[in-house]
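What follows is a short report on a single structure.
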Amino acid sequence: MSRSLGIGMALRRLFPELKILFVSGSTFTSELIGRAPLDWLKLPAYKTEVVAGKSQGIVGNSMFSDKELGELRSHDLSHIVAQYRPRLVLVDHTPQGKHRELMQALEVSPDDCQWVLGVRGVVGAVKQAKADITREIFKNYYSDLLWYGDTGVLGKEHCQLLYQQYEVVPFECGYVSRLGEYLEYNGPKNKKPKKSRWAGVVSVPWIGEKSLHLLQCLADALEQIPAGLGLWCLFVDTEDEALRSNVTDLFSGLGHCRLEQPGKNYAEVLMNAECALIYGGYNSLVDVLFVKIPTLVVLREMKDQEQQAHVHCLQEKLAGALVSVSEDNITADKLKVLLLENLNRTTPAENGVEVNGATRAANYLYSKLS
């Protein structure tokens, strides 16, 4: 979603005459767009949980099951495509969509509609992305393939694997930064002079099976870090009321900590923080690559090891700007040491990582329409 929003906002910025519509089930879409002139449609949302390192669907806020939502959204998407008759559709990650929900839309799309697939830098062991049926669907309906990665960081292996899967040479966009496009419309575009009142920013955009342990260790670590070093702003998804109470209790006695839901304030705090603590997902990584601040990356122990592979490549390129720790090996003392080290660390003004992928993707898509 974040990648597609970044490209959508870049298209609105560069080619304001185009008719553009973003479709998503995410409840965070409006917050992530802000004042950017990108319109969107809301679908009923999936909900997932992680058990033993594997993500699985559960009943969402609409109270439909994962399977029921797949069927309902399939009809919704085919109706949207039939009514709006797009000239081009950009899809992220897998050509068939979750639970094959794009198949009806692909079948009813106008003959002159171009379908384009965008893929993150490290795909990981996603079954749907590597299956024979996926290759066949791409061959039958899609014309182009965008890769949201940088060969200067990740090497050529991932592009080669994509070519083997889809038999199309992927267009290398570089990393897609939603934050960079968001700031074009919502500011601030530049960091304030040092020293900021924000010592650090923490982002936990969704709670996994081990996130509460991380937050407990973090509260213990921040209790030992002098308040005089600055404030800490923690963006933690606490949609569940019982969870919100637990997380609030952890940080209630720490006057130099502020707890917020993920949302519009994240951009300004991140732009003006001395360091960051994030999970190792693609979009969180691109945010800190854009801002160029010392960052502690917590790696979720998922089955596909996508985060570990991605962060390893970035660490080789960035020489100390990214420090990582496994979610399984976190202690309060370890967090305290790593956070204090990052507060005293400086990062170069340029890191050599291409984060202008939204602009490159937007220009490429416009060329297809032309």
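Chain identifiers are assigned as A, B, and so on, following the order in which chains appear in the structure tokens; residues are numbered from 1 within each chain, and ligands are numbered from 1 in order of appearance.
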For this session: With a distance cut-off of 9 Å and only C-alpha atoms, select the neighbouring residues of segment 262-275 of chain A, excluding the residue or stretch itself and same-chain residues fewer than 5 positions from it, and output the selection as a count of residues only.
Result: 46
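Look at Leu41 of chain A: the protein and nucleic acid residues within 9 Å of it, using only C-alpha atoms and passing over chain neighbours fewer than 2 places away, are Leu21, Phe22, Val23, Ser24, Gly25, Asp39 and Leu43 of chain A.
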Residue subset to file, keeping all heavy atoms, as an mmCIF file, in the first residue's frame:
```cif
data_model
loop_
_atom_site.group_PDB
_atom_site.id
_atom_site.type_symbol
_atom_site.label_atom_id
_atom_site.label_comp_id
_atom_site.auth_asym_id
_atom_site.auth_seq_id
_atom_site.Cartn_x
_atom_site.Cartn_y
_atom_site.Cartn_z
ATOM 1 N N LEU A 21 -6.933 6.848 -9.365
ATOM 2 C CA LEU A 21 -7.713 6.365 -8.231
ATOM 3 C C LEU A 21 -6.928 5.262 -7.536
ATOM 4 O O LEU A 21 -6.424 4.345 -8.177
ATOM 5 C CB LEU A 21 -9.059 5.820 -8.712
ATOM 6 C CG LEU A 21 -10.073 5.425 -7.639
ATOM 7 C CD1 LEU A 21 -10.521 6.642 -6.835
ATOM 8 C CD2 LEU A 21 -11.280 4.743 -8.277
ATOM 9 N N PHE A 22 -6.829 5.365 -6.207
ATOM 10 C CA PHE A 22 -6.154 4.351 -5.402
ATOM 11 C C PHE A 22 -7.210 3.502 -4.703
ATOM 12 O O PHE A 22 -8.163 4.038 -4.140
ATOM 13 C CB PHE A 22 -5.245 5.034 -4.369
ATOM 14 C CG PHE A 22 -4.561 4.080 -3.434
ATOM 15 C CD1 PHE A 22 -3.488 3.316 -3.861
ATOM 16 C CD2 PHE A 22 -4.989 3.928 -2.121
ATOM 17 C CE1 PHE A 22 -2.854 2.425 -3.002
ATOM 18 C CE2 PHE A 22 -4.366 3.049 -1.254
ATOM 19 C CZ PHE A 22 -3.289 2.289 -1.699
ATOM 20 N N VAL A 23 -7.034 2.180 -4.726
ATOM 21 C CA VAL A 23 -8.005 1.267 -4.118
ATOM 22 C C VAL A 23 -7.296 0.429 -3.063
ATOM 23 O O VAL A 23 -6.262 -0.189 -3.338
ATOM 24 C CB VAL A 23 -8.644 0.350 -5.174
ATOM 25 C CG1 VAL A 23 -9.692 -0.552 -4.529
ATOM 26 C CG2 VAL A 23 -9.276 1.169 -6.287
ATOM 27 N N SER A 24 -7.846 0.397 -1.844
ATOM 28 C CA SER A 24 -7.196 -0.317 -0.757
ATOM 29 C C SER A 24 -8.200 -0.643 0.341
ATOM 30 O O SER A 24 -9.223 0.025 0.481
ATOM 31 C CB SER A 24 -6.060 0.531 -0.168
ATOM 32 O OG SER A 24 -5.521 -0.064 0.999
ATOM 33 N N GLY A 25 -7.876 -1.648 1.135
ATOM 34 C CA GLY A 25 -8.680 -1.945 2.318
ATOM 35 C C GLY A 25 -8.128 -1.303 3.577
ATOM 36 O O GLY A 25 -8.732 -1.409 4.639
ATOM 37 N N ASP A 39 -7.198 10.671 -4.807
ATOM 38 C CA ASP A 39 -8.470 10.136 -4.341
ATOM 39 C C ASP A 39 -8.373 8.620 -4.200
ATOM 40 O O ASP A 39 -7.535 7.973 -4.815
ATOM 41 C CB ASP A 39 -9.585 10.488 -5.329
ATOM 42 C CG ASP A 39 -10.928 10.669 -4.630
ATOM 43 O OD1 ASP A 39 -11.033 10.298 -3.443
ATOM 44 O OD2 ASP A 39 -11.865 11.175 -5.265
ATOM 45 N N LEU A 43 -11.977 -0.544 0.512
ATOM 46 C CA LEU A 43 -12.565 -1.878 0.516
ATOM 47 C C LEU A 43 -12.624 -2.391 1.953
ATOM 48 O O LEU A 43 -11.879 -1.922 2.808
ATOM 49 C CB LEU A 43 -11.708 -2.838 -0.317
ATOM 50 C CG LEU A 43 -11.534 -2.528 -1.802
ATOM 51 C CD1 LEU A 43 -10.547 -3.517 -2.419
ATOM 52 C CD2 LEU A 43 -12.869 -2.578 -2.526
#
```
Exercise. Which residues in segment 112-152 of chain A does DSSP call helix (DSSP H, G or I)? List them as a ChimeraX atom specification.
Worked result: /A:127-130,132-141,151-152
For this session: Report the residues of segment 155-370 of chain A whose backbone DSSP state falls under strand (DSSP E or B), written as a ChimeraX atom specification.
Result: /A:171-172,176,198-204,231-236,257-260,273-279,295-299,322-326,356
Export of prior selection with C-alpha atoms as a PDB file, in the first residue's frame:
```pdb
ATOM      1  CA  PHE A 171      12.330  -1.942 -14.850  1.00  0.00           C
ATOM      2  CA  GLU A 172      14.544  -0.891 -11.915  1.00  0.00           C
ATOM      3  CA  VAL A 176       9.913   3.953  -3.468  1.00  0.00           C
ATOM      4  CA  TRP A 198      13.182  14.462  19.708  1.00  0.00           C
ATOM      5  CA  ALA A 199      15.899  12.105  20.831  1.00  0.00           C
ATOM      6  CA  GLY A 200      14.263   9.239  18.994  1.00  0.00           C
ATOM      7  CA  VAL A 201      11.236   7.935  17.173  1.00  0.00           C
ATOM      8  CA  VAL A 202       9.903   4.382  17.564  1.00  0.00           C
ATOM      9  CA  SER A 203       7.607   2.777  14.996  1.00  0.00           C
ATOM     10  CA  VAL A 204       5.595  -0.382  15.711  1.00  0.00           C
ATOM     11  CA  LEU A 231      11.967  13.191  24.129  1.00  0.00           C
ATOM     12  CA  TRP A 232      10.996   9.866  22.601  1.00  0.00           C
ATOM     13  CA  CYS A 233       7.868   9.540  20.459  1.00  0.00           C
ATOM     14  CA  LEU A 234       6.475   6.015  20.127  1.00  0.00           C
ATOM     15  CA  PHE A 235       4.026   5.266  17.317  1.00  0.00           C
ATOM     16  CA  VAL A 236       2.386   1.978  18.310  1.00  0.00           C
ATOM     17  CA  CYS A 257       8.095   9.406  26.306  1.00  0.00           C
ATOM     18  CA  ARG A 258       5.001  10.169  24.247  1.00  0.00           C
ATOM     19  CA  LEU A 259       2.754   7.391  22.935  1.00  0.00           C
ATOM     20  CA  GLU A 260       0.746   7.870  19.719  1.00  0.00           C
ATOM     21  CA  ALA A 273      14.562  12.922  15.396  1.00  0.00           C
ATOM     22  CA  GLU A 274      18.158  12.081  16.266  1.00  0.00           C
ATOM     23  CA  CYS A 275      17.659   8.325  15.777  1.00  0.00           C
ATOM     24  CA  ALA A 276      14.971   5.730  15.117  1.00  0.00           C
ATOM     25  CA  LEU A 277      13.887   2.254  16.177  1.00  0.00           C
ATOM     26  CA  ILE A 278      11.831   0.397  13.565  1.00  0.00           C
ATOM     27  CA  TYR A 279      10.841  -3.059  12.433  1.00  0.00           C
ATOM     28  CA  THR A 295      18.512   3.442  13.064  1.00  0.00           C
ATOM     29  CA  LEU A 296      18.091   0.308  15.147  1.00  0.00           C
ATOM     30  CA  VAL A 297      16.185  -2.296  13.117  1.00  0.00           C
ATOM     31  CA  VAL A 298      14.268  -5.027  14.940  1.00  0.00           C
ATOM     32  CA  LEU A 299      13.997  -8.121  12.745  1.00  0.00           C
ATOM     33  CA  LEU A 322      21.783   0.614  10.384  1.00  0.00           C
ATOM     34  CA  VAL A 323      22.193  -1.661  13.401  1.00  0.00           C
ATOM     35  CA  SER A 324      19.940  -4.709  13.703  1.00  0.00           C
ATOM     36  CA  VAL A 325      18.794  -7.031  16.456  1.00  0.00           C
ATOM     37  CA  SER A 326      16.612 -10.134  16.273  1.00  0.00           C
ATOM     38  CA  ASN A 356      13.581   8.308  -5.915  1.00  0.00           C
TER      39      ASN A 356
END
```
Exercise. Gly149 of chain A: which residues within 10 Å, counting only C-alpha atoms, same-chain residues fewer than 4 positions away excluded, as a PyMOL selection string?
Worked result: chain A and resi 119-122+153-156+158-159+171-176+282+353-355+357
Selection from above, N, CA and C atoms, as a PDB file, in the first residue's frame, can you write it?
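Output file part-v3.pdb is given in full below:
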```
ATOM      1  N   VAL A 119       7.024  -4.984  -7.708  1.00  0.00           N
ATOM      2  CA  VAL A 119       7.522  -5.953  -6.738  1.00  0.00           C
ATOM      3  C   VAL A 119       8.574  -5.285  -5.855  1.00  0.00           C
ATOM      4  N   ARG A 120       8.530  -5.558  -4.542  1.00  0.00           N
ATOM      5  CA  ARG A 120       9.475  -4.969  -3.596  1.00  0.00           C
ATOM      6  C   ARG A 120      10.897  -5.480  -3.847  1.00  0.00           C
ATOM      7  N   GLY A 121      11.865  -4.845  -3.201  1.00  0.00           N
ATOM      8  CA  GLY A 121      13.270  -5.155  -3.442  1.00  0.00           C
ATOM      9  C   GLY A 121      13.647  -6.596  -3.211  1.00  0.00           C
ATOM     10  N   VAL A 122      13.261  -7.162  -2.056  1.00  0.00           N
ATOM     11  CA  VAL A 122      13.493  -8.571  -1.757  1.00  0.00           C
ATOM     12  C   VAL A 122      12.126  -9.231  -1.656  1.00  0.00           C
ATOM     13  N   VAL A 153      22.549  -1.777  -4.080  1.00  0.00           N
ATOM     14  CA  VAL A 153      22.423  -2.287  -2.718  1.00  0.00           C
ATOM     15  C   VAL A 153      22.204  -3.797  -2.721  1.00  0.00           C
ATOM     16  N   LEU A 154      21.272  -4.244  -3.529  1.00  0.00           N
ATOM     17  CA  LEU A 154      20.811  -5.626  -3.482  1.00  0.00           C
ATOM     18  C   LEU A 154      21.468  -6.536  -4.510  1.00  0.00           C
ATOM     19  N   GLY A 155      22.250  -5.948  -5.422  1.00  0.00           N
ATOM     20  CA  GLY A 155      22.846  -6.757  -6.475  1.00  0.00           C
ATOM     21  C   GLY A 155      21.840  -7.084  -7.563  1.00  0.00           C
ATOM     22  N   LYS A 156      22.262  -7.891  -8.540  1.00  0.00           N
ATOM     23  CA  LYS A 156      21.421  -8.201  -9.697  1.00  0.00           C
ATOM     24  C   LYS A 156      20.588  -9.472  -9.516  1.00  0.00           C
ATOM     25  N   HIS A 158      18.092 -10.375  -7.609  1.00  0.00           N
ATOM     26  CA  HIS A 158      16.641 -10.297  -7.488  1.00  0.00           C
ATOM     27  C   HIS A 158      15.984 -10.001  -8.832  1.00  0.00           C
ATOM     28  N   CYS A 159      16.603  -9.152  -9.630  1.00  0.00           N
ATOM     29  CA  CYS A 159      16.088  -8.901 -10.977  1.00  0.00           C
ATOM     30  C   CYS A 159      16.158 -10.170 -11.826  1.00  0.00           C
ATOM     31  N   PHE A 171      11.818  -3.309 -14.840  1.00  0.00           N
ATOM     32  CA  PHE A 171      12.330  -1.942 -14.850  1.00  0.00           C
ATOM     33  C   PHE A 171      12.751  -1.580 -13.429  1.00  0.00           C
ATOM     34  N   GLU A 172      14.011  -1.224 -13.233  1.00  0.00           N
ATOM     35  CA  GLU A 172      14.544  -0.891 -11.915  1.00  0.00           C
ATOM     36  C   GLU A 172      14.170   0.539 -11.543  1.00  0.00           C
ATOM     37  N   CYS A 173      13.316   0.666 -10.533  1.00  0.00           N
ATOM     38  CA  CYS A 173      12.843   1.988 -10.115  1.00  0.00           C
ATOM     39  C   CYS A 173      13.738   2.620  -9.048  1.00  0.00           C
ATOM     40  N   GLY A 174      14.405   1.791  -8.236  1.00  0.00           N
ATOM     41  CA  GLY A 174      14.979   2.282  -6.998  1.00  0.00           C
ATOM     42  C   GLY A 174      13.932   2.163  -5.903  1.00  0.00           C
ATOM     43  N   TYR A 175      14.315   2.495  -4.681  1.00  0.00           N
ATOM     44  CA  TYR A 175      13.384   2.399  -3.556  1.00  0.00           C
ATOM     45  C   TYR A 175      12.290   3.464  -3.675  1.00  0.00           C
ATOM     46  N   VAL A 176      11.065   3.047  -3.401  1.00  0.00           N
ATOM     47  CA  VAL A 176       9.913   3.953  -3.468  1.00  0.00           C
ATOM     48  C   VAL A 176       9.642   4.520  -2.080  1.00  0.00           C
ATOM     49  N   TYR A 282       9.880  -3.258   4.450  1.00  0.00           N
ATOM     50  CA  TYR A 282      10.361  -2.433   3.337  1.00  0.00           C
ATOM     51  C   TYR A 282      10.079  -0.955   3.560  1.00  0.00           C
ATOM     52  N   VAL A 353      22.051   5.397  -1.663  1.00  0.00           N
ATOM     53  CA  VAL A 353      20.918   4.523  -1.930  1.00  0.00           C
ATOM     54  C   VAL A 353      19.859   5.310  -2.701  1.00  0.00           C
ATOM     55  N   GLU A 354      19.407   4.760  -3.809  1.00  0.00           N
ATOM     56  CA  GLU A 354      18.426   5.433  -4.654  1.00  0.00           C
ATOM     57  C   GLU A 354      17.025   5.318  -4.045  1.00  0.00           C
ATOM     58  N   VAL A 355      16.480   6.463  -3.588  1.00  0.00           N
ATOM     59  CA  VAL A 355      15.140   6.455  -2.968  1.00  0.00           C
ATOM     60  C   VAL A 355      14.147   7.288  -3.778  1.00  0.00           C
ATOM     61  N   GLY A 357      12.404   6.218  -6.276  1.00  0.00           N
ATOM     62  CA  GLY A 357      11.682   5.241  -7.074  1.00  0.00           C
ATOM     63  C   GLY A 357      10.277   5.653  -7.456  1.00  0.00           C
TER      64      GLY A 357
END
```
For this session: Select, from A:Ala36, A:Ile80, A:Val89, A:Leu212, the residue with the minimum atom-to-atom distance to Leu243 of chain A, counting only C-alpha atoms.
Result: A:Leu212
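Proximity to Ala131 of chain A was assessed for A:Tyr166, A:Leu222, A:Thr238, A:Val108 counting only C-alpha atoms; the smallest distance is recorded for A:Tyr166.
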Problem set entry | Test item: residues at most 8 Å from Val116 of chain A, only C-alpha atoms, excluding those fewer than 3 positions along its chain, as JSON, numbers by chain | {"A": [88, 89, 90, 91, 142, 143, 144, 145, 146]}
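Between atom CA of Leu162 of chain A and atom CA of Pro110 of chain A there is a distance of 26.6 Å.
Here atom CA of Leu117 of chain A is placed at a distance of 28.0 Å from atom CA of Asn351 of chain A.
In terms of minimum interatomic distance to Lys317 of chain A, A:Asp150 ranks closest within A:Glu241, A:Asp150, A:Asp249, A:Glu223, counting only C-alpha atoms.
In this comparison, which uses only C-alpha atoms, the residue of A:Val311, A:His256, A:Thr331, A:Thr151 approaching Gln216 of chain A most closely is A:Thr331.
In this structure, atom CA of Val286 of chain A sits 16.0 Å away from atom CA of Gly118 of chain A.
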